[in-house]
file target-v1.cif (mmCIF, C-alpha atoms (C1' of nucleotides); chains and numbers go by the auth columns)
data_protein
loop_
_atom_site.group_PDB
_atom_site.id
_atom_site.type_symbol
_atom_site.label_atom_id
_atom_site.label_comp_id
_atom_site.label_asym_id
_atom_site.label_seq_id
_atom_site.Cartn_x
_atom_site.Cartn_y
_atom_site.Cartn_z
_atom_site.B_iso_or_equiv
_atom_site.auth_seq_id
_atom_site.auth_asym_id
ATOM 1 C CA MET A 1 32.368 -16.780 254.146 0.00 1 A
ATOM 2 C CA VAL A 2 30.600 -19.509 252.273 0.00 2 A
ATOM 3 C CA THR A 3 32.745 -21.788 250.166 0.00 3 A
ATOM 4 C CA THR A 4 31.960 -22.232 246.508 0.00 4 A
ATOM 5 C CA PHE A 5 31.037 -25.818 247.258 0.00 5 A
ATOM 6 C CA ALA A 6 28.474 -24.860 249.846 0.00 6 A
ATOM 7 C CA LEU A 7 27.146 -22.186 247.533 0.00 7 A
ATOM 8 C CA LEU A 8 26.179 -24.689 244.914 0.00 8 A
ATOM 9 C CA ALA A 9 24.904 -27.308 247.321 0.00 9 A
ATOM 10 C CA ASP A 10 21.556 -25.589 247.547 0.00 10 A
ATOM 11 C CA PRO A 11 19.388 -26.075 244.443 0.00 11 A
ATOM 12 C CA THR A 12 17.734 -22.741 245.135 0.00 12 A
ATOM 13 C CA ARG A 13 21.105 -21.165 244.564 0.00 13 A
ATOM 14 C CA ARG A 14 22.231 -23.453 241.768 0.00 14 A
ATOM 15 C CA ARG A 15 19.171 -22.790 239.655 0.00 15 A
ATOM 16 C CA PRO A 16 19.753 -19.047 239.328 0.00 16 A
ATOM 17 C CA VAL A 17 23.387 -19.668 238.519 0.00 17 A
ATOM 18 C CA GLU A 18 22.393 -21.954 235.685 0.00 18 A
ATOM 19 C CA GLU A 19 19.840 -19.414 234.547 0.00 19 A
ATOM 20 C CA LEU A 20 22.425 -16.651 234.518 0.00 20 A
ATOM 21 C CA ARG A 21 24.636 -18.659 232.236 0.00 21 A
ATOM 22 C CA ALA A 22 22.571 -17.362 229.331 0.00 22 A
ATOM 23 C CA GLY A 23 23.057 -13.765 230.369 0.00 23 A
ATOM 24 C CA GLU A 24 21.634 -11.053 232.607 0.00 24 A
ATOM 25 C CA ARG A 25 18.352 -11.723 234.321 0.00 25 A
ATOM 26 C CA SER A 26 16.045 -9.678 236.504 0.00 26 A
ATOM 27 C CA VAL A 27 14.984 -10.938 239.909 0.00 27 A
ATOM 28 C CA GLY A 28 11.444 -11.484 238.706 0.00 28 A
ATOM 29 C CA VAL A 29 12.586 -13.788 235.933 0.00 29 A
ATOM 30 C CA LEU A 30 14.751 -15.741 238.352 0.00 30 A
ATOM 31 C CA VAL A 31 11.849 -16.071 240.756 0.00 31 A
ATOM 32 C CA ASP A 32 9.783 -17.667 238.007 0.00 32 A
ATOM 33 C CA ALA A 33 12.628 -19.980 237.113 0.00 33 A
ATOM 34 C CA VAL A 34 13.181 -21.139 240.672 0.00 34 A
ATOM 35 C CA GLY A 35 9.539 -21.358 241.684 0.00 35 A
ATOM 36 C CA LEU A 36 9.873 -20.042 245.201 0.00 36 A
ATOM 37 C CA SER A 37 8.739 -16.832 246.859 0.00 37 A
ATOM 38 C CA GLN A 38 10.435 -13.629 245.796 0.00 38 A
ATOM 39 C CA PRO A 39 11.968 -12.997 249.231 0.00 39 A
ATOM 40 C CA ALA A 40 13.460 -16.470 249.277 0.00 40 A
ATOM 41 C CA VAL A 41 15.119 -15.916 245.931 0.00 41 A
ATOM 42 C CA SER A 42 16.319 -12.428 246.823 0.00 42 A
ATOM 43 C CA LYS A 43 17.911 -13.864 249.917 0.00 43 A
ATOM 44 C CA GLN A 44 19.883 -16.429 247.963 0.00 44 A
ATOM 45 C CA LEU A 45 20.861 -13.869 245.369 0.00 45 A
ATOM 46 C CA ARG A 46 22.326 -11.856 248.172 0.00 46 A
ATOM 47 C CA VAL A 47 24.414 -14.825 249.218 0.00 47 A
ATOM 48 C CA LEU A 48 25.631 -15.237 245.665 0.00 48 A
ATOM 49 C CA ARG A 49 26.514 -11.553 245.514 0.00 49 A
ATOM 50 C CA GLU A 50 28.391 -11.566 248.781 0.00 50 A
ATOM 51 C CA ALA A 51 30.313 -14.625 247.685 0.00 51 A
ATOM 52 C CA GLY A 52 31.355 -12.834 244.514 0.00 52 A
ATOM 53 C CA LEU A 53 29.516 -15.170 242.216 0.00 53 A
ATOM 54 C CA ALA A 54 27.101 -12.582 240.887 0.00 54 A
ATOM 55 C CA SER A 55 26.813 -8.839 240.584 0.00 55 A
ATOM 56 C CA VAL A 56 23.942 -6.447 240.050 0.00 56 A
ATOM 57 C CA ARG A 57 23.125 -3.568 237.783 0.00 57 A
ATOM 58 C CA LYS A 58 20.204 -1.210 238.179 0.00 58 A
ATOM 59 C CA ASP A 59 17.746 -0.909 235.366 0.00 59 A
ATOM 60 C CA ALA A 60 14.872 1.344 236.481 0.00 60 A
ATOM 61 C CA GLN A 61 13.067 -0.572 239.212 0.00 61 A
ATOM 62 C CA ARG A 62 14.699 -3.799 238.150 0.00 62 A
ATOM 63 C CA ARG A 63 17.924 -5.279 239.383 0.00 63 A
ATOM 64 C CA MET A 64 19.688 -7.151 236.657 0.00 64 A
ATOM 65 C CA TYR A 65 21.876 -9.967 237.918 0.00 65 A
ATOM 66 C CA ARG A 66 24.929 -11.100 236.064 0.00 66 A
ATOM 67 C CA LEU A 67 27.084 -14.145 236.674 0.00 67 A
ATOM 68 C CA ASP A 68 30.688 -13.776 237.814 0.00 68 A
ATOM 69 C CA PRO A 69 32.167 -17.123 236.866 0.00 69 A
ATOM 70 C CA GLU A 70 35.617 -16.580 238.310 0.00 70 A
ATOM 71 C CA ARG A 71 34.775 -18.244 241.579 0.00 71 A
ATOM 72 C CA LEU A 72 33.643 -21.337 239.756 0.00 72 A
ATOM 73 C CA ARG A 73 37.230 -21.731 238.776 0.00 73 A
ATOM 74 C CA GLU A 74 38.053 -22.762 242.326 0.00 74 A
ATOM 75 C CA LEU A 75 35.799 -25.708 241.795 0.00 75 A
ATOM 76 C CA ASP A 76 37.536 -26.508 238.563 0.00 76 A
ATOM 77 C CA ASP A 77 40.919 -26.274 240.203 0.00 77 A
ATOM 78 C CA TRP A 78 39.855 -28.529 243.033 0.00 78 A
ATOM 79 C CA LEU A 79 38.576 -31.025 240.534 0.00 79 A
ATOM 80 C CA GLN A 80 41.748 -31.019 238.487 0.00 80 A
ATOM 81 C CA PRO A 81 43.720 -33.736 240.315 0.00 81 A
ATOM 82 C CA PHE A 82 40.706 -36.037 240.357 0.00 82 A
ATOM 83 C CA ARG A 83 40.205 -35.668 236.662 0.00 83 A
ATOM 84 C CA ALA A 84 43.308 -37.709 236.095 0.00 84 A
ATOM 85 C CA MET A 85 41.712 -40.539 238.034 0.00 85 A
ATOM 86 C CA TRP A 86 38.719 -41.111 235.849 0.00 86 A
ATOM 87 C CA GLU A 87 40.637 -40.414 232.692 0.00 87 A
ATOM 88 C CA ALA A 88 42.994 -43.174 233.713 0.00 88 A
ATOM 89 C CA ARG A 89 40.035 -45.496 234.043 0.00 89 A
ATOM 90 C CA VAL A 90 38.723 -44.567 230.623 0.00 90 A
ATOM 91 C CA ASP A 91 42.143 -45.107 229.113 0.00 91 A
ATOM 92 C CA ALA A 92 42.373 -48.519 230.694 0.00 92 A
ATOM 93 C CA LEU A 93 38.960 -49.413 229.340 0.00 93 A
ATOM 94 C CA GLU A 94 39.839 -48.282 225.850 0.00 94 A
ATOM 95 C CA GLN A 95 43.014 -50.255 225.947 0.00 95 A
ATOM 96 C CA THR A 96 41.107 -53.337 226.993 0.00 96 A
ATOM 97 C CA LEU A 97 38.682 -52.858 224.151 0.00 97 A
ATOM 98 C CA SER A 98 41.363 -52.370 221.559 0.00 98 A
ATOM 99 C CA THR A 99 43.099 -55.485 222.828 0.00 99 A
ATOM 100 C CA MET A 100 39.888 -57.402 222.388 0.00 100 A
ATOM 101 C CA GLU A 101 39.673 -56.279 218.809 0.00 101 A
ATOM 102 C CA ASP A 102 42.972 -57.959 217.992 0.00 102 A
ATOM 103 C CA MET B 1 19.717 -38.732 247.892 0.00 1 B
ATOM 104 C CA VAL B 2 22.417 -36.169 248.432 0.00 2 B
ATOM 105 C CA THR B 3 23.691 -34.405 245.371 0.00 3 B
ATOM 106 C CA THR B 4 27.381 -34.426 244.629 0.00 4 B
ATOM 107 C CA PHE B 5 27.379 -30.694 245.320 0.00 5 B
ATOM 108 C CA ALA B 6 25.938 -31.100 248.778 0.00 6 B
ATOM 109 C CA LEU B 7 28.364 -33.920 249.453 0.00 7 B
ATOM 110 C CA LEU B 8 31.352 -31.689 248.999 0.00 8 B
ATOM 111 C CA ALA B 9 29.853 -28.687 250.731 0.00 9 B
ATOM 112 C CA ASP B 10 30.863 -30.056 254.101 0.00 10 B
ATOM 113 C CA PRO B 11 34.599 -29.809 254.807 0.00 11 B
ATOM 114 C CA THR B 12 34.356 -32.868 257.026 0.00 12 B
ATOM 115 C CA ARG B 13 33.380 -34.797 253.952 0.00 13 B
ATOM 116 C CA ARG B 14 35.684 -33.026 251.541 0.00 14 B
ATOM 117 C CA ARG B 15 38.774 -33.687 253.606 0.00 15 B
ATOM 118 C CA PRO B 16 38.517 -37.490 253.447 0.00 16 B
ATOM 119 C CA VAL B 17 37.868 -37.277 249.727 0.00 17 B
ATOM 120 C CA GLU B 18 41.064 -35.319 249.244 0.00 18 B
ATOM 121 C CA GLU B 19 42.874 -37.757 251.483 0.00 19 B
ATOM 122 C CA LEU B 20 41.637 -40.715 249.479 0.00 20 B
ATOM 123 C CA ARG B 21 43.034 -39.219 246.312 0.00 21 B
ATOM 124 C CA ALA B 22 46.376 -40.702 247.268 0.00 22 B
ATOM 125 C CA GLY B 23 44.924 -44.169 247.695 0.00 23 B
ATOM 126 C CA GLU B 24 43.197 -46.432 250.193 0.00 24 B
ATOM 127 C CA ARG B 25 42.992 -45.240 253.774 0.00 25 B
ATOM 128 C CA SER B 26 41.727 -46.794 256.987 0.00 26 B
ATOM 129 C CA VAL B 27 39.142 -45.005 259.098 0.00 27 B
ATOM 130 C CA GLY B 28 41.690 -44.320 261.798 0.00 28 B
ATOM 131 C CA VAL B 29 43.984 -42.522 259.397 0.00 29 B
ATOM 132 C CA LEU B 30 41.087 -40.462 258.091 0.00 30 B
ATOM 133 C CA VAL B 31 40.079 -39.570 261.621 0.00 31 B
ATOM 134 C CA ASP B 32 43.555 -38.194 262.244 0.00 32 B
ATOM 135 C CA ALA B 33 43.469 -36.272 259.000 0.00 33 B
ATOM 136 C CA VAL B 34 40.118 -34.682 259.692 0.00 34 B
ATOM 137 C CA GLY B 35 40.657 -34.011 263.364 0.00 35 B
ATOM 138 C CA LEU B 36 37.196 -34.874 264.602 0.00 36 B
ATOM 139 C CA SER B 37 35.817 -37.695 266.668 0.00 37 B
ATOM 140 C CA GLN B 38 35.790 -41.171 265.171 0.00 38 B
ATOM 141 C CA PRO B 39 31.992 -41.439 265.137 0.00 39 B
ATOM 142 C CA ALA B 40 31.702 -38.118 263.338 0.00 40 B
ATOM 143 C CA VAL B 41 34.040 -39.288 260.603 0.00 41 B
ATOM 144 C CA SER B 42 32.421 -42.709 260.339 0.00 42 B
ATOM 145 C CA LYS B 43 29.098 -40.997 259.859 0.00 43 B
ATOM 146 C CA GLN B 44 30.361 -38.923 256.971 0.00 44 B
ATOM 147 C CA LEU B 45 32.097 -41.890 255.428 0.00 45 B
ATOM 148 C CA ARG B 46 28.760 -43.617 255.427 0.00 46 B
ATOM 149 C CA VAL B 47 27.253 -40.721 253.539 0.00 47 B
ATOM 150 C CA LEU B 48 30.055 -40.911 251.001 0.00 48 B
ATOM 151 C CA ARG B 49 29.513 -44.631 250.623 0.00 49 B
ATOM 152 C CA GLU B 50 25.775 -44.355 250.151 0.00 50 B
ATOM 153 C CA ALA B 51 26.304 -41.650 247.580 0.00 51 B
ATOM 154 C CA GLY B 52 28.621 -43.939 245.647 0.00 52 B
ATOM 155 C CA LEU B 53 31.657 -41.766 246.136 0.00 53 B
ATOM 156 C CA ALA B 54 33.606 -44.272 248.178 0.00 54 B
ATOM 157 C CA SER B 55 33.668 -47.984 248.816 0.00 55 B
ATOM 158 C CA VAL B 56 35.064 -50.172 251.558 0.00 56 B
ATOM 159 C CA ARG B 57 37.201 -53.241 251.815 0.00 57 B
ATOM 160 C CA LYS B 58 37.766 -55.259 254.937 0.00 58 B
ATOM 161 C CA ASP B 59 41.285 -55.736 256.153 0.00 59 B
ATOM 162 C CA ALA B 60 41.213 -57.581 259.480 0.00 60 B
ATOM 163 C CA GLN B 61 39.641 -55.164 261.947 0.00 61 B
ATOM 164 C CA ARG B 62 40.235 -52.259 259.629 0.00 62 B
ATOM 165 C CA ARG B 63 37.961 -50.900 256.966 0.00 63 B
ATOM 166 C CA MET B 64 39.907 -49.579 254.051 0.00 64 B
ATOM 167 C CA TYR B 65 38.148 -46.818 252.160 0.00 65 B
ATOM 168 C CA ARG B 66 38.739 -46.200 248.509 0.00 66 B
ATOM 169 C CA LEU B 67 37.609 -43.302 246.366 0.00 67 B
ATOM 170 C CA ASP B 68 35.111 -43.820 243.568 0.00 68 B
ATOM 171 C CA PRO B 69 35.701 -40.773 241.418 0.00 69 B
ATOM 172 C CA GLU B 70 32.975 -41.389 238.862 0.00 70 B
ATOM 173 C CA ARG B 71 30.444 -39.257 240.681 0.00 71 B
ATOM 174 C CA LEU B 72 32.846 -36.352 240.611 0.00 72 B
ATOM 175 C CA ARG B 73 32.356 -36.388 236.916 0.00 73 B
ATOM 176 C CA GLU B 74 28.868 -35.010 237.378 0.00 74 B
ATOM 177 C CA LEU B 75 30.486 -31.964 238.873 0.00 75 B
ATOM 178 C CA ASP B 76 32.840 -31.730 235.954 0.00 76 B
ATOM 179 C CA ASP B 77 29.983 -32.029 233.495 0.00 77 B
ATOM 180 C CA TRP B 78 28.000 -29.364 235.275 0.00 78 B
ATOM 181 C CA LEU B 79 30.997 -27.095 235.157 0.00 79 B
ATOM 182 C CA GLN B 80 31.634 -27.629 231.470 0.00 80 B
ATOM 183 C CA PRO B 81 29.398 -24.896 230.005 0.00 81 B
ATOM 184 C CA PHE B 82 30.732 -22.364 232.506 0.00 82 B
ATOM 185 C CA ARG B 83 34.286 -23.129 231.590 0.00 83 B
ATOM 186 C CA ALA B 84 33.755 -21.463 228.252 0.00 84 B
ATOM 187 C CA MET B 85 32.859 -18.276 230.100 0.00 85 B
ATOM 188 C CA TRP B 86 36.082 -17.727 231.928 0.00 86 B
ATOM 189 C CA GLU B 87 38.152 -18.968 229.027 0.00 87 B
ATOM 190 C CA ALA B 88 36.500 -16.276 226.923 0.00 88 B
ATOM 191 C CA ARG B 89 37.580 -13.708 229.477 0.00 89 B
ATOM 192 C CA VAL B 90 41.128 -14.920 229.490 0.00 90 B
ATOM 193 C CA ASP B 91 41.207 -14.831 225.705 0.00 91 B
ATOM 194 C CA ALA B 92 39.944 -11.273 225.710 0.00 92 B
ATOM 195 C CA LEU B 93 42.600 -10.280 228.205 0.00 93 B
ATOM 196 C CA GLU B 94 45.352 -11.876 226.192 0.00 94 B
ATOM 197 C CA GLN B 95 44.161 -10.145 223.087 0.00 95 B
ATOM 198 C CA THR B 96 44.187 -6.820 224.896 0.00 96 B
ATOM 199 C CA LEU B 97 47.716 -7.435 226.090 0.00 97 B
ATOM 200 C CA SER B 98 48.989 -8.411 222.685 0.00 98 B
ATOM 201 C CA THR B 99 47.375 -5.302 221.250 0.00 99 B
ATOM 202 C CA MET B 100 49.191 -3.208 223.826 0.00 100 B
ATOM 203 C CA GLU B 101 52.476 -4.697 222.766 0.00 101 B
ATOM 204 C CA ASP B 102 52.078 -3.306 219.263 0.00 102 B
ATOM 205 C "C1'" DT C 1 3.876 14.199 245.565 0.00 1 C
ATOM 206 C "C1'" DC C 2 1.406 9.916 244.867 0.00 2 C
ATOM 207 C "C1'" DA C 3 0.491 5.357 243.044 0.00 3 C
ATOM 208 C "C1'" DA C 4 2.463 1.409 241.174 0.00 4 C
ATOM 209 C "C1'" DT C 5 6.043 -1.776 240.416 0.00 5 C
ATOM 210 C "C1'" DA C 6 10.286 -4.311 241.672 0.00 6 C
ATOM 211 C "C1'" DT C 7 13.273 -5.811 245.059 0.00 7 C
ATOM 212 C "C1'" DA C 8 15.281 -6.109 249.751 0.00 8 C
ATOM 213 C "C1'" DT C 9 14.984 -6.846 254.704 0.00 9 C
ATOM 214 C "C1'" DG C 10 13.172 -8.284 259.414 0.00 10 C
ATOM 215 C "C1'" DC C 11 11.181 -11.457 262.063 0.00 11 C
ATOM 216 C "C1'" DC C 12 9.611 -15.938 263.046 0.00 12 C
ATOM 217 C "C1'" DT C 13 9.185 -20.970 262.707 0.00 13 C
ATOM 218 C "C1'" DT C 14 10.698 -25.315 261.402 0.00 14 C
ATOM 219 C "C1'" DT C 15 13.664 -28.604 259.761 0.00 15 C
ATOM 220 C "C1'" DA C 16 17.995 -30.760 258.785 0.00 16 C
ATOM 221 C "C1'" DC C 17 22.119 -32.112 260.127 0.00 17 C
ATOM 222 C "C1'" DA C 18 26.658 -32.079 262.344 0.00 18 C
ATOM 223 C "C1'" DG C 19 28.946 -33.364 266.407 0.00 19 C
ATOM 224 C "C1'" DT C 20 29.323 -35.611 271.012 0.00 20 C
ATOM 225 C "C1'" DT C 21 29.065 -39.438 274.301 0.00 21 C
ATOM 226 C "C1'" DA C 22 27.935 -43.998 275.215 0.00 22 C
ATOM 227 C "C1'" DT C 23 27.451 -48.363 273.466 0.00 23 C
ATOM 228 C "C1'" DA C 24 27.086 -52.130 270.096 0.00 24 C
ATOM 229 C "C1'" DT C 25 29.232 -54.906 266.505 0.00 25 C
ATOM 230 C "C1'" DG C 26 32.880 -57.229 264.159 0.00 26 C
ATOM 231 C "C1'" DC C 27 37.349 -59.267 263.687 0.00 27 C
ATOM 232 C "C1'" DT C 28 41.660 -61.407 265.335 0.00 28 C
ATOM 233 C "C1'" DG C 29 45.193 -63.733 268.077 0.00 29 C
ATOM 234 C "C1'" DC C 30 45.800 -66.344 271.897 0.00 30 C
ATOM 235 C "C1'" DG D 1 35.729 -68.232 274.028 0.00 1 D
ATOM 236 C "C1'" DC D 2 37.850 -64.089 275.616 0.00 2 D
ATOM 237 C "C1'" DA D 3 40.484 -59.742 275.577 0.00 3 D
ATOM 238 C "C1'" DG D 4 41.500 -56.041 272.780 0.00 4 D
ATOM 239 C "C1'" DC D 5 41.429 -53.185 268.947 0.00 5 D
ATOM 240 C "C1'" DA D 6 38.867 -50.844 265.015 0.00 6 D
ATOM 241 C "C1'" DT D 7 34.705 -49.235 263.380 0.00 7 D
ATOM 242 C "C1'" DA D 8 29.679 -48.572 263.314 0.00 8 D
ATOM 243 C "C1'" DT D 9 25.331 -47.198 265.328 0.00 9 D
ATOM 244 C "C1'" DA D 10 21.987 -44.990 268.669 0.00 10 D
ATOM 245 C "C1'" DA D 11 20.232 -41.317 271.096 0.00 11 D
ATOM 246 C "C1'" DC D 12 20.522 -36.681 272.109 0.00 12 D
ATOM 247 C "C1'" DT D 13 21.549 -31.720 271.604 0.00 13 D
ATOM 248 C "C1'" DG D 14 22.665 -27.434 269.523 0.00 14 D
ATOM 249 C "C1'" DT D 15 22.841 -24.655 265.698 0.00 15 D
ATOM 250 C "C1'" DA D 16 22.458 -22.827 261.247 0.00 16 D
ATOM 251 C "C1'" DA D 17 19.889 -21.778 257.649 0.00 17 D
ATOM 252 C "C1'" DA D 18 15.895 -21.986 254.527 0.00 18 D
ATOM 253 C "C1'" DG D 19 11.420 -20.518 253.605 0.00 19 D
ATOM 254 C "C1'" DG D 20 7.186 -17.844 254.496 0.00 20 D
ATOM 255 C "C1'" DC D 21 4.689 -13.509 255.557 0.00 21 D
ATOM 256 C "C1'" DA D 22 4.663 -8.793 256.395 0.00 22 D
ATOM 257 C "C1'" DT D 23 6.821 -4.699 255.524 0.00 23 D
ATOM 258 C "C1'" DA D 24 10.439 -1.359 254.204 0.00 24 D
ATOM 259 C "C1'" DT D 25 12.998 0.736 250.457 0.00 25 D
ATOM 260 C "C1'" DA D 26 13.836 2.334 245.868 0.00 26 D
ATOM 261 C "C1'" DT D 27 12.634 3.827 241.297 0.00 27 D
ATOM 262 C "C1'" DT D 28 9.613 5.525 237.836 0.00 28 D
ATOM 263 C "C1'" DG D 29 5.721 7.853 235.489 0.00 29 D
ATOM 264 C "C1'" DA D 30 2.146 10.921 235.974 0.00 30 D
#

call {"tool": "encode", "arguments": {"input": "target-v1.cif", "output": "C-alpha cells"}}
result
Amino acid sequence: MVTTFALLADPTRRRPVEELRAGERSVGVLVDAVGLSQPAVSKQLRVLREAGLASVRKDAQRRMYRLDPERLRELDDWLQPFRAMWEARVDALEQTLSTMED
Amino acid sequence: MVTTFALLADPTRRRPVEELRAGERSVGVLVDAVGLSQPAVSKQLRVLREAGLASVRKDAQRRMYRLDPERLRELDDWLQPFRAMWEARVDALEQTLSTMED
DNA sequence: TCAATATATGCCTTTACAGTTATATGCTGC
DNA sequence: GCAGCATATAACTGTAAAGGCATATATTGA
C-alpha cells in the first residue's frame, strides 16, 4: 500500500485533499479545482480512498467525497521528534535576542 | 525543485533523515542504515542537499551529513489546518464517553 | 425503457526516477 | 607522489505510475 508520504507527494492528490478540508465535494468540483481530466482525477481519488484518506457517499449521480484525516496523523506523529529540533533553534534565537536587549 | 512531500515519499530518502535526527552521520554509516548501494545513497543525499534538507561538512575523507530541519516546517505548516479536524473528533469522542459515565 | 448526466475503468504511451555497475574525484598518511 | 580509503558522478536499464482518450457503468427523470 501507498504510504501517507507518497500519497501527498503528488500535487494532483494533494490538491483534492486541501479542497476537501472545507467539506464534502463532488468529483466534478474537484476536477475543476485540480484542472486535469476527469479520469485522471477519479484515478487519484481512488488511490486516496484505498489508502483510507477519503470516503465516498452517493448523492444521485454524484459521488460526494469526504476527507478522512486520521491517516494524516501518521505524518504528524512522524514529524513530532523533529519538531523539537526547530523549536530548539527558535528558543536559542530568542535567547540571543533577549540577551542583546540587556 | 522537489517539494518536501516528494522528498519524504521515498523510503530511501526518509531513512537517512530519520538517522540524521540523532546527529551528524558519515555516508558510510548511512549506507549501512539504508541497506542499499553506496551510489544509490549518495544520489539521494544529493537530492536532500539540493532541497536544503541536509548539509555537509568535510572530515578528512569523510563527508559528514547534518540535518537541516527547517524545511520540515513546511510540512508542519501544511498539516496545521488538518490538525484541528482530528482534534475535533477526539473531543467529540471524549464528550461522548464522559456523557456515558453519567 | 431511453436519454442525459456523473463517475469509473481499460488500455496505451510517455516520462521520471530509482538502482546497479563501473569509474572518477578527493583526501590523507607515508 | 603514490596507495588506499571514502564519496561522487556517469551511463545505462527497468519499472512504476501519471495522464489522455475511449468507453463502460450507474443513477435519475421522463

call {"tool": "resolve_selection", "arguments": {"input": "target-v1.cif", "expression": "the PyMOL selection byres ((chain C) within 8 of (chain A))", "output": "number ranges by chain"}}
result
C: 5-8

call {"tool": "interface_residues", "arguments": {"input": "target-v1.cif", "of": "chain A", "to": "chain B", "cutoff": "12 Å", "atoms": "all atoms listed in the file", "output": "count of residues only"}}
result
44

call {"tool": "atom_distance", "arguments": {"input": "target-v1.cif", "atom1": "atom C1' of D:DT25", "atom2": "atom CA of A:Gln44"}}
result
18.7 Å

call {"tool": "atom_distance", "arguments": {"input": "target-v1.cif", "atom1": "atom CA of A:Arg25", "atom2": "atom CA of A:Leu45"}}
result
11.5 Å

call {"tool": "interface_residues", "arguments": {"input": "target-v1.cif", "of": "chain D", "to": "chain A", "cutoff": "7 Å", "atoms": "all atoms listed in the file", "output": "ChimeraX atom specification"}}
result
/D:19,27-28

call {"tool": "closest_residue", "arguments": {"input": "target-v1.cif", "among": "C:DC30, C:DC12, C:DA3, C:DA22", "to": "D:DA10", "atoms": "all atoms listed in the file"}}
result
C:DA22

call {"tool": "resolve_selection", "arguments": {"input": "target-v1.cif", "expression": "the PyMOL selection byres ((chain C and resi 21) around 10)", "output": "number ranges by chain"}}
result
B: 39; C: 19-20, 22-23; D: 11-12

call {"tool": "write_last_selection", "arguments": {"input": "target-v1.cif", "atoms": "C-alpha atoms (C1' of nucleotides)", "output": "PDB file, in the frame of the given file"}}
result
ATOM      1  CA  PRO B  39      31.992 -41.439 265.137  1.00  0.00           C
TER       2      PRO B  39
ATOM      3  C1'  DG C  19      28.946 -33.364 266.407  1.00  0.00           C
ATOM      4  C1'  DT C  20      29.323 -35.611 271.012  1.00  0.00           C
ATOM      5  C1'  DA C  22      27.935 -43.998 275.215  1.00  0.00           C
ATOM      6  C1'  DT C  23      27.451 -48.363 273.466  1.00  0.00           C
TER       7       DT C  23
ATOM      8  C1'  DA D  11      20.232 -41.317 271.096  1.00  0.00           C
ATOM      9  C1'  DC D  12      20.522 -36.681 272.109  1.00  0.00           C
TER      10       DC D  12
END

call {"tool": "atom_distance", "arguments": {"input": "target-v1.cif", "atom1": "atom C1' of C:DT14", "atom2": "atom CA of A:Leu53"}}
result
28.7 Å

call {"tool": "axis_aligned_box", "arguments": {"input": "target-v1.cif", "around": "stretch 13-20 of chain C", "padding_each_side": "3 Å", "output": "JSON"}}
result
{"center_x": 19.3, "center_y": -28.3, "center_z": 264.9, "size_x": 26.1, "size_y": 20.6, "size_z": 18.2}

call {"tool": "residues_around", "arguments": {"input": "target-v1.cif", "residues": "C:DA24", "least_positions_apart": "3", "cutoff": "12 Å", "atoms": "only C-alpha atoms (C1' of nucleotides)", "output": "list in words"}}
result
DT7, DA8, DT9 and DA10 of chain D

call {"tool": "write_last_selection", "arguments": {"input": "target-v1.cif", "atoms": "C-alpha atoms (C1' of nucleotides)", "output": "compact mmCIF listing (two decimals), in the coordinates of the input"}}
result
# COMPACT_ATOMS: atom_id res chain seq x y z
C1' DT D 7 34.70 -49.24 263.38
C1' DA D 8 29.68 -48.57 263.31
C1' DT D 9 25.33 -47.20 265.33
C1' DA D 10 21.99 -44.99 268.67
